[in-house]
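Heads up, structure-v2.tsv below (TSV, C-alpha atoms and all ligand atoms):
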```tsv
chain	number	residue	atom	x	y	z
A	1	MET	CA	15.32	17.72	-8.68
A	2	TYR	CA	13.50	14.48	-7.86
A	3	LYS	CA	14.35	11.48	-10.00
A	4	ILE	CA	11.27	9.33	-10.35
A	5	ALA	CA	11.20	5.89	-11.94
A	6	VAL	CA	7.82	5.15	-13.49
A	7	ILE	CA	6.67	1.58	-14.05
A	8	PRO	CA	3.18	1.79	-15.60
A	9	GLY	CA	2.98	-2.03	-15.82
A	10	ASP	CA	-0.02	-4.04	-16.96
A	11	GLY	CA	-3.73	-3.67	-17.65
A	12	THR	CA	-5.11	-0.36	-16.47
A	13	GLY	CA	-1.77	0.54	-14.85
A	14	PRO	CA	-0.66	2.85	-17.70
A	15	GLU	CA	-4.04	4.65	-17.78
A	16	VAL	CA	-4.04	5.52	-14.10
A	17	ILE	CA	-0.34	6.41	-14.04
A	18	GLN	CA	-0.93	8.88	-16.85
A	19	GLU	CA	-3.49	10.69	-14.69
A	20	GLY	CA	-1.15	10.60	-11.71
A	21	LEU	CA	1.59	12.19	-13.79
A	22	LYS	CA	-0.85	14.84	-14.99
A	23	VAL	CA	-1.48	15.72	-11.36
A	24	LEU	CA	2.25	15.63	-10.59
A	25	LYS	CA	2.87	18.18	-13.32
A	26	VAL	CA	0.43	20.76	-11.99
A	27	THR	CA	1.49	20.10	-8.40
A	28	ALA	CA	5.15	20.66	-9.23
A	29	GLU	CA	4.30	23.96	-10.91
A	30	LYS	CA	2.16	25.08	-8.02
A	31	PHE	CA	4.64	24.10	-5.30
A	32	SER	CA	7.79	24.93	-7.27
A	33	PHE	CA	9.68	21.71	-7.20
A	34	GLU	CA	11.38	19.98	-10.09
A	35	TYR	CA	11.34	16.36	-11.10
A	36	GLN	CA	12.34	14.12	-13.91
A	37	THR	CA	10.64	10.85	-14.88
A	38	THR	CA	12.22	7.76	-16.43
A	39	PHE	CA	9.93	5.04	-17.76
A	40	PHE	CA	10.52	1.31	-17.41
A	41	ASP	CA	8.40	-1.24	-19.24
A	42	TYR	CA	8.54	-4.18	-16.81
A	43	GLY	CA	5.43	-6.32	-16.72
A	44	ALA	CA	3.54	-8.78	-18.90
A	45	LYS	CA	4.49	-7.46	-22.35
A	46	TYR	CA	8.17	-7.25	-21.49
A	47	TYR	CA	8.05	-10.76	-20.05
A	48	LEU	CA	6.28	-12.24	-23.04
A	49	GLN	CA	8.79	-10.60	-25.41
A	50	THR	CA	12.01	-11.24	-23.50
A	51	GLY	CA	11.26	-14.04	-21.03
A	52	LYS	CA	12.53	-11.73	-18.32
A	53	THR	CA	10.75	-10.31	-15.34
A	54	LEU	CA	13.21	-8.11	-13.47
A	55	GLU	CA	16.94	-8.79	-13.36
A	56	ASP	CA	19.38	-7.87	-10.61
A	57	GLU	CA	20.89	-5.23	-12.90
A	58	ASP	CA	17.45	-3.63	-13.26
A	59	ILE	CA	17.25	-3.39	-9.49
A	60	GLU	CA	20.67	-1.72	-9.44
A	61	LYS	CA	19.42	0.89	-11.93
A	62	LEU	CA	16.34	1.57	-9.82
A	63	LYS	CA	18.51	2.25	-6.79
A	64	ASN	CA	19.56	5.52	-8.43
A	65	PHE	CA	16.09	7.03	-8.15
A	66	ASP	CA	14.42	8.99	-5.38
A	67	ALA	CA	11.17	7.06	-5.71
A	68	ILE	CA	9.32	4.58	-7.89
A	69	TYR	CA	5.78	5.16	-9.15
A	70	LEU	CA	4.11	1.88	-10.10
A	71	GLY	CA	0.81	1.25	-11.92
A	72	ALA	CA	-0.09	-2.43	-11.67
A	73	ILE	CA	1.53	-5.79	-12.27
A	74	GLY	CA	-0.32	-8.95	-13.38
A	75	SER	CA	-1.95	-10.21	-16.55
A	76	PRO	CA	-4.27	-13.06	-17.56
A	77	GLU	CA	-1.78	-13.84	-20.34
A	78	VAL	CA	0.87	-14.90	-17.82
A	79	ARG	CA	0.50	-17.75	-15.35
A	80	PRO	CA	-0.35	-16.43	-11.84
A	81	GLY	CA	2.70	-15.90	-9.66
A	82	ILE	CA	5.32	-15.22	-12.33
A	83	LEU	CA	4.89	-11.46	-12.61
A	84	GLU	CA	3.71	-11.00	-9.03
A	85	LYS	CA	6.81	-12.71	-7.68
A	86	GLY	CA	9.17	-11.75	-10.49
A	87	VAL	CA	8.35	-8.06	-10.58
A	88	LEU	CA	6.25	-6.74	-7.69
A	89	LEU	CA	7.60	-8.86	-4.85
A	90	LYS	CA	11.10	-8.74	-6.30
A	91	LEU	CA	10.98	-4.95	-6.18
A	92	ARG	CA	9.69	-4.93	-2.62
A	93	PHE	CA	12.23	-7.47	-1.42
A	94	SER	CA	15.34	-6.41	-3.35
A	95	LEU	CA	14.87	-2.77	-2.46
A	96	ASP	CA	14.15	-3.83	1.13
A	97	GLN	CA	10.92	-1.88	1.23
A	98	TYR	CA	10.06	-3.42	4.55
A	99	ILE	CA	7.00	-1.30	5.30
A	100	ASN	CA	3.77	-1.40	3.36
A	101	LEU	CA	1.88	1.68	4.42
A	102	ARG	CA	-1.84	1.59	3.64
A	103	PRO	CA	-4.05	4.44	4.81
A	104	ILE	CA	-7.77	3.74	5.02
A	105	LYS	CA	-9.83	6.88	4.97
A	106	LEU	CA	-13.44	7.45	4.03
A	107	TYR	CA	-13.80	10.64	2.01
A	108	ASP	CA	-17.55	10.58	1.59
A	109	GLU	CA	-20.07	8.47	3.49
A	110	ARG	CA	-22.08	7.85	0.30
A	111	PHE	CA	-19.37	5.38	-0.65
A	112	CYS	CA	-19.13	3.43	2.59
A	113	PRO	CA	-20.78	0.00	2.43
A	114	ILE	CA	-21.50	0.06	6.16
A	115	LYS	CA	-24.76	1.63	7.17
A	116	GLY	CA	-24.51	4.55	9.55
A	117	LYS	CA	-20.75	5.15	9.31
A	118	VAL	CA	-19.56	8.67	8.69
A	119	LYS	CA	-16.24	10.09	7.46
A	120	GLU	CA	-14.85	10.51	10.95
A	121	ASP	CA	-15.43	6.82	11.72
A	122	ILE	CA	-13.06	5.49	9.09
A	123	ASP	CA	-9.63	7.03	9.27
A	124	PHE	CA	-6.84	4.67	10.16
A	125	VAL	CA	-3.60	3.28	8.77
A	126	VAL	CA	-2.42	-0.29	8.35
A	127	ILE	CA	1.32	-0.86	8.59
A	128	ARG	CA	1.97	-4.16	6.92
A	129	GLU	CA	5.35	-5.86	7.29
A	130	ASN	CA	6.51	-6.16	3.69
A	131	SER	CA	9.63	-8.33	3.58
A	132	GLU	CA	9.01	-11.55	5.51
A	133	GLY	CA	6.28	-13.81	6.83
A	134	LEU	CA	4.50	-16.19	4.48
A	135	TYR	CA	5.65	-14.05	1.55
A	136	LYS	CA	9.25	-15.15	2.07
A	137	GLY	CA	8.53	-18.07	-0.25
A	138	MET	CA	9.92	-20.72	2.07
A	139	GLY	CA	8.52	-24.21	1.96
A	140	GLU	CA	8.46	-27.38	-0.03
A	141	PHE	CA	6.40	-30.14	-1.55
A	142	ARG	CA	6.76	-33.65	-0.29
A	143	GLN	CA	5.58	-36.63	-2.35
A	144	LYS	CA	4.24	-34.15	-4.90
A	145	GLY	CA	1.46	-35.52	-7.07
A	146	THR	CA	0.76	-38.50	-4.81
A	147	PRO	CA	-2.18	-38.98	-2.46
A	148	GLU	CA	0.32	-38.52	0.37
A	149	GLU	CA	1.36	-35.10	-0.84
A	150	ILE	CA	2.29	-32.46	1.70
A	151	ALA	CA	2.74	-28.77	0.83
A	152	ILE	CA	4.58	-26.77	3.47
A	153	GLN	CA	4.58	-22.97	3.47
A	154	ILE	CA	6.58	-21.30	6.17
A	155	SER	CA	6.03	-17.98	7.88
A	156	TYR	CA	9.51	-16.60	8.39
A	157	ASN	CA	9.89	-13.89	11.04
A	158	THR	CA	13.22	-12.51	12.17
A	159	ARG	CA	13.76	-10.52	15.34
A	160	LYS	CA	15.32	-7.74	13.26
A	161	GLY	CA	12.55	-7.76	10.67
A	162	VAL	CA	9.78	-7.69	13.25
A	163	GLU	CA	11.50	-5.06	15.37
A	164	ARG	CA	12.14	-2.59	12.54
A	165	CYS	CA	8.52	-2.83	11.47
A	166	ILE	CA	7.19	-2.35	14.98
A	167	ARG	CA	9.54	0.58	15.62
A	168	TYR	CA	8.38	2.22	12.40
A	169	ALA	CA	4.78	1.74	13.54
A	170	PHE	CA	5.36	3.40	16.91
A	171	GLU	CA	7.17	6.31	15.28
A	172	TYR	CA	4.43	6.63	12.70
A	173	THR	CA	1.69	6.62	15.35
A	174	ARG	CA	3.48	9.38	17.21
A	175	ARG	CA	3.99	11.47	14.08
A	176	ARG	CA	0.41	10.96	12.94
A	177	ASN	CA	-0.63	12.35	16.32
A	178	ARG	CA	-4.31	11.46	16.01
A	179	ARG	CA	-5.51	9.05	18.68
A	180	LYS	CA	-1.97	7.87	19.42
A	181	THR	CA	-3.12	4.27	19.58
A	182	LEU	CA	-1.25	1.38	18.01
A	183	THR	CA	-2.95	-1.99	17.65
A	184	LEU	CA	-0.98	-5.16	17.07
A	185	CYS	CA	-3.03	-7.48	14.88
A	186	GLY	CA	-1.97	-11.13	15.06
A	187	LYS	CA	-2.96	-14.62	16.07
A	188	THR	CA	-1.21	-15.30	19.38
A	189	ASN	CA	-3.72	-17.97	20.34
A	190	VAL	CA	-2.78	-20.37	17.54
A	191	LEU	CA	0.38	-19.28	15.69
A	192	THR	CA	2.43	-19.48	18.85
A	193	PHE	CA	5.89	-19.13	17.32
A	194	ALA	CA	5.49	-16.15	15.01
A	195	TRP	CA	3.10	-14.20	17.19
A	196	ASP	CA	4.96	-14.91	20.38
A	197	LEU	CA	7.94	-13.11	18.82
A	198	TRP	CA	5.77	-10.26	17.52
A	199	GLN	CA	4.04	-9.81	20.87
A	200	ARG	CA	7.32	-9.84	22.84
A	201	VAL	CA	8.95	-7.28	20.55
A	202	PHE	CA	5.80	-5.15	20.55
A	203	ASP	CA	5.66	-5.07	24.37
A	204	GLU	CA	9.38	-4.32	24.64
A	205	VAL	CA	9.34	-1.46	22.14
A	206	ALA	CA	6.11	-0.10	23.66
A	207	ARG	CA	7.99	0.71	26.86
A	208	GLU	CA	10.00	3.29	24.89
A	209	TYR	CA	6.76	5.00	23.79
A	210	PRO	CA	4.81	5.82	26.96
A	211	ASP	CA	2.81	8.42	25.00
A	212	ILE	CA	1.37	5.74	22.70
A	213	GLN	CA	-1.53	3.57	23.83
A	214	THR	CA	-1.27	-0.05	22.76
A	215	ASN	CA	-3.85	-2.68	21.95
A	216	TYR	CA	-3.90	-6.20	20.64
A	217	ALA	CA	-6.53	-7.83	18.39
A	218	HIS	CA	-6.55	-11.24	16.75
A	219	ILE	CA	-6.76	-11.17	12.95
A	220	ASP	CA	-10.24	-12.70	12.90
A	221	ALA	CA	-11.54	-10.26	15.49
A	222	THR	CA	-9.87	-7.42	13.59
A	223	CYS	CA	-12.00	-8.28	10.53
A	224	MET	CA	-15.10	-8.18	12.72
A	225	TRP	CA	-14.09	-4.83	14.27
A	226	PHE	CA	-13.32	-3.33	10.85
A	227	VAL	CA	-16.98	-3.73	9.99
A	228	LYS	CA	-18.56	-3.22	13.40
A	229	SER	CA	-16.46	-0.40	14.89
A	230	PRO	CA	-13.82	0.91	12.48
A	231	GLU	CA	-13.67	4.11	14.56
A	232	TRP	CA	-11.84	2.04	17.15
A	233	PHE	CA	-8.63	2.07	15.07
A	234	ASP	CA	-5.84	4.59	14.64
A	235	VAL	CA	-2.75	2.66	13.50
A	236	ILE	CA	-2.54	-1.11	13.09
A	237	VAL	CA	0.68	-3.07	12.71
A	238	THR	CA	0.64	-6.61	11.38
A	239	ASP	CA	2.54	-9.17	9.33
A	240	ASN	CA	2.69	-9.50	5.57
A	241	MET	CA	-0.15	-12.00	5.02
A	242	PHE	CA	-2.62	-10.55	7.49
A	243	GLY	CA	-1.80	-7.08	6.21
A	244	ASP	CA	-2.54	-8.15	2.66
A	245	ILE	CA	-5.94	-9.48	3.66
A	246	ILE	CA	-7.16	-6.70	5.94
A	247	THR	CA	-6.15	-3.95	3.54
A	248	ASP	CA	-8.53	-5.26	0.88
A	249	LEU	CA	-11.26	-5.19	3.51
A	250	GLY	CA	-10.08	-1.71	4.47
A	251	ALA	CA	-10.19	-0.58	0.85
A	252	ILE	CA	-13.85	-1.51	0.65
A	253	LEU	CA	-14.59	0.43	3.86
A	254	GLN	CA	-13.18	3.55	2.23
A	255	GLY	CA	-15.25	3.05	-0.88
A	256	GLY	CA	-13.35	0.51	-2.97
A	257	MET	CA	-10.13	-0.37	-4.72
A	258	GLY	CA	-10.59	2.67	-6.92
A	259	ILE	CA	-9.36	4.92	-4.17
A	260	ALA	CA	-6.95	2.78	-2.10
A	261	ALA	CA	-3.24	3.51	-2.33
A	262	GLY	CA	-0.15	2.15	-0.67
A	263	GLY	CA	3.50	2.93	-0.15
A	264	ASN	CA	6.24	0.31	-0.10
A	265	ILE	CA	8.69	2.10	2.10
A	266	ASN	CA	12.38	1.69	2.74
A	267	PRO	CA	13.03	4.57	5.14
A	268	GLN	CA	16.73	4.45	4.25
A	269	GLY	CA	16.39	3.65	0.56
A	270	VAL	CA	14.13	3.82	-2.48
A	271	SER	CA	10.40	3.62	-1.81
A	272	MET	CA	7.66	2.67	-4.26
A	273	PHE	CA	4.08	3.90	-4.46
A	274	GLU	CA	1.14	2.14	-6.08
A	275	PRO	CA	-2.62	1.95	-6.29
A	276	ILE	CA	-3.43	-1.34	-4.56
A	277	GLY	CA	-6.23	-2.44	-6.86
A	278	GLY	CA	-4.29	-4.42	-9.43
A	279	SER	CA	-4.34	-4.41	-13.22
A	280	ALA	CA	-8.15	-4.79	-13.72
A	281	PRO	CA	-7.83	-6.55	-17.13
A	282	LYS	CA	-11.50	-6.26	-18.02
A	283	TYR	CA	-11.37	-2.46	-17.88
A	284	THR	CA	-8.11	-2.08	-19.80
A	285	GLY	CA	-8.18	0.59	-22.48
A	286	LYS	CA	-11.75	1.62	-21.73
A	287	GLY	CA	-10.98	4.85	-19.88
A	288	ALA	CA	-13.34	3.63	-17.19
A	289	ILE	CA	-11.01	2.87	-14.29
A	290	ASN	CA	-10.82	5.22	-11.32
A	291	PRO	CA	-7.41	6.95	-11.28
A	292	LEU	CA	-7.82	8.31	-7.74
A	293	ALA	CA	-5.97	5.40	-6.11
A	294	ALA	CA	-2.98	6.15	-8.34
A	295	ILE	CA	-3.33	9.86	-7.60
A	296	ASN	CA	-3.43	9.13	-3.87
A	297	ALA	CA	-0.30	7.00	-4.31
A	298	LEU	CA	1.31	10.01	-5.93
A	299	GLY	CA	0.33	12.08	-2.89
A	300	MET	CA	1.98	9.52	-0.62
A	301	MET	CA	5.11	9.68	-2.77
A	302	LEU	CA	5.25	13.46	-2.42
A	303	GLU	CA	4.89	13.14	1.35
A	304	GLU	CA	7.76	10.66	1.49
A	305	LEU	CA	9.91	12.93	-0.71
A	306	GLY	CA	9.38	15.69	1.85
A	307	GLU	CA	6.87	17.74	-0.17
A	308	SER	CA	4.26	17.75	2.58
A	309	SER	CA	2.26	20.77	1.40
A	310	ALA	CA	2.08	19.37	-2.10
A	311	ALA	CA	0.98	16.00	-0.71
A	312	LYS	CA	-1.72	17.66	1.32
A	313	ALA	CA	-2.94	19.63	-1.69
A	314	VAL	CA	-3.23	16.43	-3.71
A	315	GLU	CA	-5.30	14.74	-1.03
A	316	GLU	CA	-7.52	17.77	-0.57
A	317	ALA	CA	-8.14	17.96	-4.30
A	318	VAL	CA	-9.04	14.27	-4.38
A	319	ILE	CA	-11.46	14.77	-1.48
A	320	LYS	CA	-13.15	17.67	-3.26
A	321	VAL	CA	-13.52	15.73	-6.49
A	322	VAL	CA	-14.94	12.73	-4.64
A	323	ARG	CA	-17.44	14.82	-2.68
A	324	LYS	CA	-18.49	17.31	-5.33
A	325	LYS	CA	-18.35	15.33	-8.54
A	326	LEU	CA	-18.24	11.56	-8.48
A	327	LYS	CA	-21.35	9.40	-8.58
A	328	SER	CA	-19.40	6.32	-7.57
A	329	LEU	CA	-15.79	5.33	-6.95
A	330	SER	CA	-16.11	2.19	-9.08
A	331	ALA	CA	-14.90	1.73	-12.62
A	332	GLY	CA	-17.44	2.73	-15.24
A	333	LYS	CA	-19.85	4.29	-12.73
A	334	MET	CA	-18.06	7.48	-11.76
A	335	GLY	CA	-19.98	9.70	-14.15
A	336	TYR	CA	-16.63	10.69	-15.69
A	337	SER	CA	-13.88	8.94	-17.61
A	338	THR	CA	-10.45	8.13	-16.18
A	339	PHE	CA	-9.02	11.07	-18.08
A	340	GLN	CA	-11.73	13.48	-16.89
A	341	VAL	CA	-11.23	12.53	-13.25
A	342	GLY	CA	-7.52	13.30	-13.66
A	343	ASP	CA	-8.46	16.67	-15.16
A	344	LEU	CA	-10.82	17.44	-12.28
A	345	VAL	CA	-8.10	16.81	-9.71
A	346	ALA	CA	-5.56	18.85	-11.66
A	347	GLU	CA	-8.08	21.69	-11.87
A	348	GLU	CA	-8.72	21.62	-8.12
A	349	ILE	CA	-4.99	21.88	-7.47
A	350	ASN	CA	-4.63	24.75	-9.90
A	351	ASN	CA	-7.50	26.60	-8.23
A	352	SER	CA	-6.40	25.92	-4.68
A	401	LIG	C1	-1.06	-6.38	-2.82
A	401	LIG	C2	-1.26	-7.48	-3.83
A	401	LIG	C3	0.03	-8.29	-3.93
A	401	LIG	C4	0.31	-8.88	-2.56
A	401	LIG	C5	0.01	-9.39	-5.01
A	401	LIG	C6	-0.37	-8.84	-6.37
A	401	LIG	C7	1.33	-10.12	-5.06
A	401	LIG	O1	-2.34	-8.28	-3.47
A	401	LIG	O2	-0.21	-5.51	-3.06
A	401	LIG	O3	-1.74	-6.39	-1.79
A	401	LIG	O4	-0.17	-9.97	-2.24
A	401	LIG	O5	1.03	-8.24	-1.80
A	402	MN	MN	-3.39	-7.62	-1.72
```
Represent the supplied structure as structure tokens.
Amino acid sequence: MYKIAVIPGDGTGPEVIQEGLKVLKVTAEKFSFEYQTTFFDYGAKYYLQTGKTLEDEDIEKLKNFDAIYLGAIGSPEVRPGILEKGVLLKLRFSLDQYINLRPIKLYDERFCPIKGKVKEDIDFVVIRENSEGLYKGMGEFRQKGTPEEIAIQISYNTRKGVERCIRYAFEYTRRRNRRKTLTLCGKTNVLTFAWDLWQRVFDEVAREYPDIQTNYAHIDATCMWFVKSPEWFDVIVTDNMFGDIITDLGAILQGGMGIAAGGNINPQGVSMFEPIGGSAPKYTGKGAINPLAAINALGMMLEELGESSAAKAVEEAVIKVVRKKLKSLSAGKMGYSTFQVGDLVAEEINNS
């Protein structure tokens, strides 16, 4: 019996989570596993009513679950940073979900913005360090509000933090068993403290994985290669900030935020799965948002829980719906409502 904590969150979060749970229900029946969901209402409404984001005791409660399924956090009614830091980043950090796993896979070339690229060209995974770097929140203002003001924001990288991420990436590349190529994406030519450490650890760990080919690309060049030759990539490992940036670019390569999912993974603890597109306030309540990113996040959750066949069935159903039915992956242009897309996926799983 899997215990799943559900945090629908803000904006379109609840709408897409509802479709994900619809798919979970049929998948559980089909693959004969049991689960139980518990809902938590963290997010904008809860904050506006209580003044609280997420307390330490909430984190303790969440530690009793097998996984967390999250919709979206962030609202125009709350000043930027409060919910992002107070809920989303607090979850990632307090639960030590030190890996942010973001697969980038094109399901149908109609939806790729790059001319001439086919499905086979875009199929790689970004492993984003998820607990340190610029996201650590270290820094200070000096002479704030004066013409002499200085704002310092520190990228914090520990040997342990870098090493566990890089080790995960090598293991993942081996398990994925596709092109067995791991690319370190950094900025060794300018950020000579952080990336010196990353490069040293990468080279050291690489010696333990003679079956894995290694590469290095600067972050700026990586952006260029994403567009020019995405087929070049298999698995990429990078820090928190660069990983944040390139996964939005990656999402567009695969057809948009409507399909892109991610897993915040603590291999020894509680992991959390989410569509990476955010709360999309302007589409809230319209039934127009694409639920496939949330459904893909559900698939990733099943994989992490050890239900590999179920995870595979979810992805295959999503692929079929994308190829056979959808006119677009973008909100309002799919040719179906949020609810109908959820039904289509559930149907595919039932018929598989
Ligand atoms: C993401 C988001 C978050 C991040 C924001 C909402 C804090 O952009 O998951 O990529 O920067 O990590
Ligand atoms: Mn982001």
Checklist entry - CA of Lys136 in chain A to atom C4 of ligand LIG 401 (chain A): how many Å, to one decimal? => result 11.9 Å
Checklist entry - Can you tell me which residues sit at most 8 Å away from ligand MN 402 (chain A), counting all atoms listed in the file, written as a PyMOL selection string? => result chain A and resi 244-245+247-248+276-277
Find the axis-aligned box for ligand LIG 401 (chain A), covering all its listed atoms and adding 6 Å on each side, and write its centre and edge lengths in Å to one decimal as JSON.
```
{"center_x": -0.5, "center_y": -7.8, "center_z": -4.1, "size_x": 15.7, "size_y": 16.6, "size_z": 16.6}
```
Give me, as a compact mmCIF listing (two decimals) with C-alpha atoms, in the frame of the given file, the set of residues whose atoms come within 10 Å of any atom of ligand LIG 401 (chain A), counting only C-alpha atoms and all ligand atoms.
```
# COMPACT_ATOMS: atom_id res chain seq x y z
CA ALA A 72 -0.09 -2.43 -11.67
CA ILE A 73 1.53 -5.79 -12.27
CA GLY A 74 -0.32 -8.95 -13.38
CA PRO A 80 -0.35 -16.43 -11.84
CA GLY A 81 2.70 -15.90 -9.66
CA ILE A 82 5.32 -15.22 -12.33
CA LEU A 83 4.89 -11.46 -12.61
CA GLU A 84 3.71 -11.00 -9.03
CA LYS A 85 6.81 -12.71 -7.68
CA GLY A 86 9.17 -11.75 -10.49
CA VAL A 87 8.35 -8.06 -10.58
CA LEU A 88 6.25 -6.74 -7.69
CA LEU A 89 7.60 -8.86 -4.85
CA LYS A 90 11.10 -8.74 -6.30
CA ARG A 92 9.69 -4.93 -2.62
CA ASN A 100 3.77 -1.40 3.36
CA ARG A 102 -1.84 1.59 3.64
CA ARG A 128 1.97 -4.16 6.92
CA ASN A 130 6.51 -6.16 3.69
CA TYR A 135 5.65 -14.05 1.55
CA ASN A 240 2.69 -9.50 5.57
CA MET A 241 -0.15 -12.00 5.02
CA GLY A 243 -1.80 -7.08 6.21
CA ASP A 244 -2.54 -8.15 2.66
CA ILE A 245 -5.94 -9.48 3.66
CA ILE A 246 -7.16 -6.70 5.94
CA THR A 247 -6.15 -3.95 3.54
CA ASP A 248 -8.53 -5.26 0.88
CA ALA A 261 -3.24 3.51 -2.33
CA GLY A 262 -0.15 2.15 -0.67
CA GLY A 263 3.50 2.93 -0.15
CA ASN A 264 6.24 0.31 -0.10
CA GLU A 274 1.14 2.14 -6.08
CA PRO A 275 -2.62 1.95 -6.29
CA ILE A 276 -3.43 -1.34 -4.56
CA GLY A 277 -6.23 -2.44 -6.86
CA GLY A 278 -4.29 -4.42 -9.43
CA SER A 279 -4.34 -4.41 -13.22
```
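Using only C-alpha atoms for every distance, the candidate list A:Ala28, A:Ile349, A:Ala260, A:Ala44 yields A:Ala28 as the residue closest to Tyr2 in chain A.
Residue nearest Asn296 in chain A, chosen from A:Ala206, A:Val23, A:Ala67, A:Cys223 and counting only C-alpha atoms: A:Val23.
Here CA of Val341 in chain A and CA of Arg176 in chain A stand 28.7 Å from one another.
Of the residues under consideration (A:Leu292, A:Cys185, A:Ala313, A:Ile122), A:Leu292 shows the shortest atom-to-atom contact distance to Gly342 in chain A when counting only C-alpha atoms.
CA of Arg79 in chain A sits 20.8 Å away from CA of Pro14 in chain A.
With only C-alpha atoms as the atoms that count, the minimum distance from Cys165 in chain A to the choices A:Ala5, A:Met224, A:Met301, A:Val126 is reached by A:Val126.
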Just give me the residues with any atom within 12 Å of (3.2, 9.0, 0.9), file coordinates, counting all atoms listed in the file, written as a compact mmCIF listing (two decimals) with C-alpha atoms, in the frame of the given file.
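Contents of point32.txt, freshly written:
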```txt
# COMPACT_ATOMS: atom_id res chain seq x y z
CA ALA A 67 11.17 7.06 -5.71
CA ILE A 68 9.32 4.58 -7.89
CA TYR A 69 5.78 5.16 -9.15
CA ILE A 99 7.00 -1.30 5.30
CA ASN A 100 3.77 -1.40 3.36
CA LEU A 101 1.88 1.68 4.42
CA ARG A 102 -1.84 1.59 3.64
CA PRO A 103 -4.05 4.44 4.81
CA VAL A 125 -3.60 3.28 8.77
CA ALA A 261 -3.24 3.51 -2.33
CA GLY A 262 -0.15 2.15 -0.67
CA GLY A 263 3.50 2.93 -0.15
CA ASN A 264 6.24 0.31 -0.10
CA ILE A 265 8.69 2.10 2.10
CA ASN A 266 12.38 1.69 2.74
CA PRO A 267 13.03 4.57 5.14
CA SER A 271 10.40 3.62 -1.81
CA MET A 272 7.66 2.67 -4.26
CA PHE A 273 4.08 3.90 -4.46
CA GLU A 274 1.14 2.14 -6.08
CA PRO A 275 -2.62 1.95 -6.29
CA ALA A 294 -2.98 6.15 -8.34
CA ILE A 295 -3.33 9.86 -7.60
CA ASN A 296 -3.43 9.13 -3.87
CA ALA A 297 -0.30 7.00 -4.31
CA LEU A 298 1.31 10.01 -5.93
CA GLY A 299 0.33 12.08 -2.89
CA MET A 300 1.98 9.52 -0.62
CA MET A 301 5.11 9.68 -2.77
CA LEU A 302 5.25 13.46 -2.42
CA GLU A 303 4.89 13.14 1.35
CA GLU A 304 7.76 10.66 1.49
CA LEU A 305 9.91 12.93 -0.71
CA GLY A 306 9.38 15.69 1.85
CA GLU A 307 6.87 17.74 -0.17
CA SER A 308 4.26 17.75 2.58
CA SER A 309 2.26 20.77 1.40
CA ALA A 310 2.08 19.37 -2.10
CA ALA A 311 0.98 16.00 -0.71
CA LYS A 312 -1.72 17.66 1.32
CA VAL A 314 -3.23 16.43 -3.71
CA GLU A 315 -5.30 14.74 -1.03
```
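The point (15.9, 5.7, -4.6) has these residues within 7 Å of it when all atoms listed in the file are used: Leu62, Lys63, Asn64, Phe65, Asp66, Ala67, Gly269, Val270 and Ser271 of chain A.
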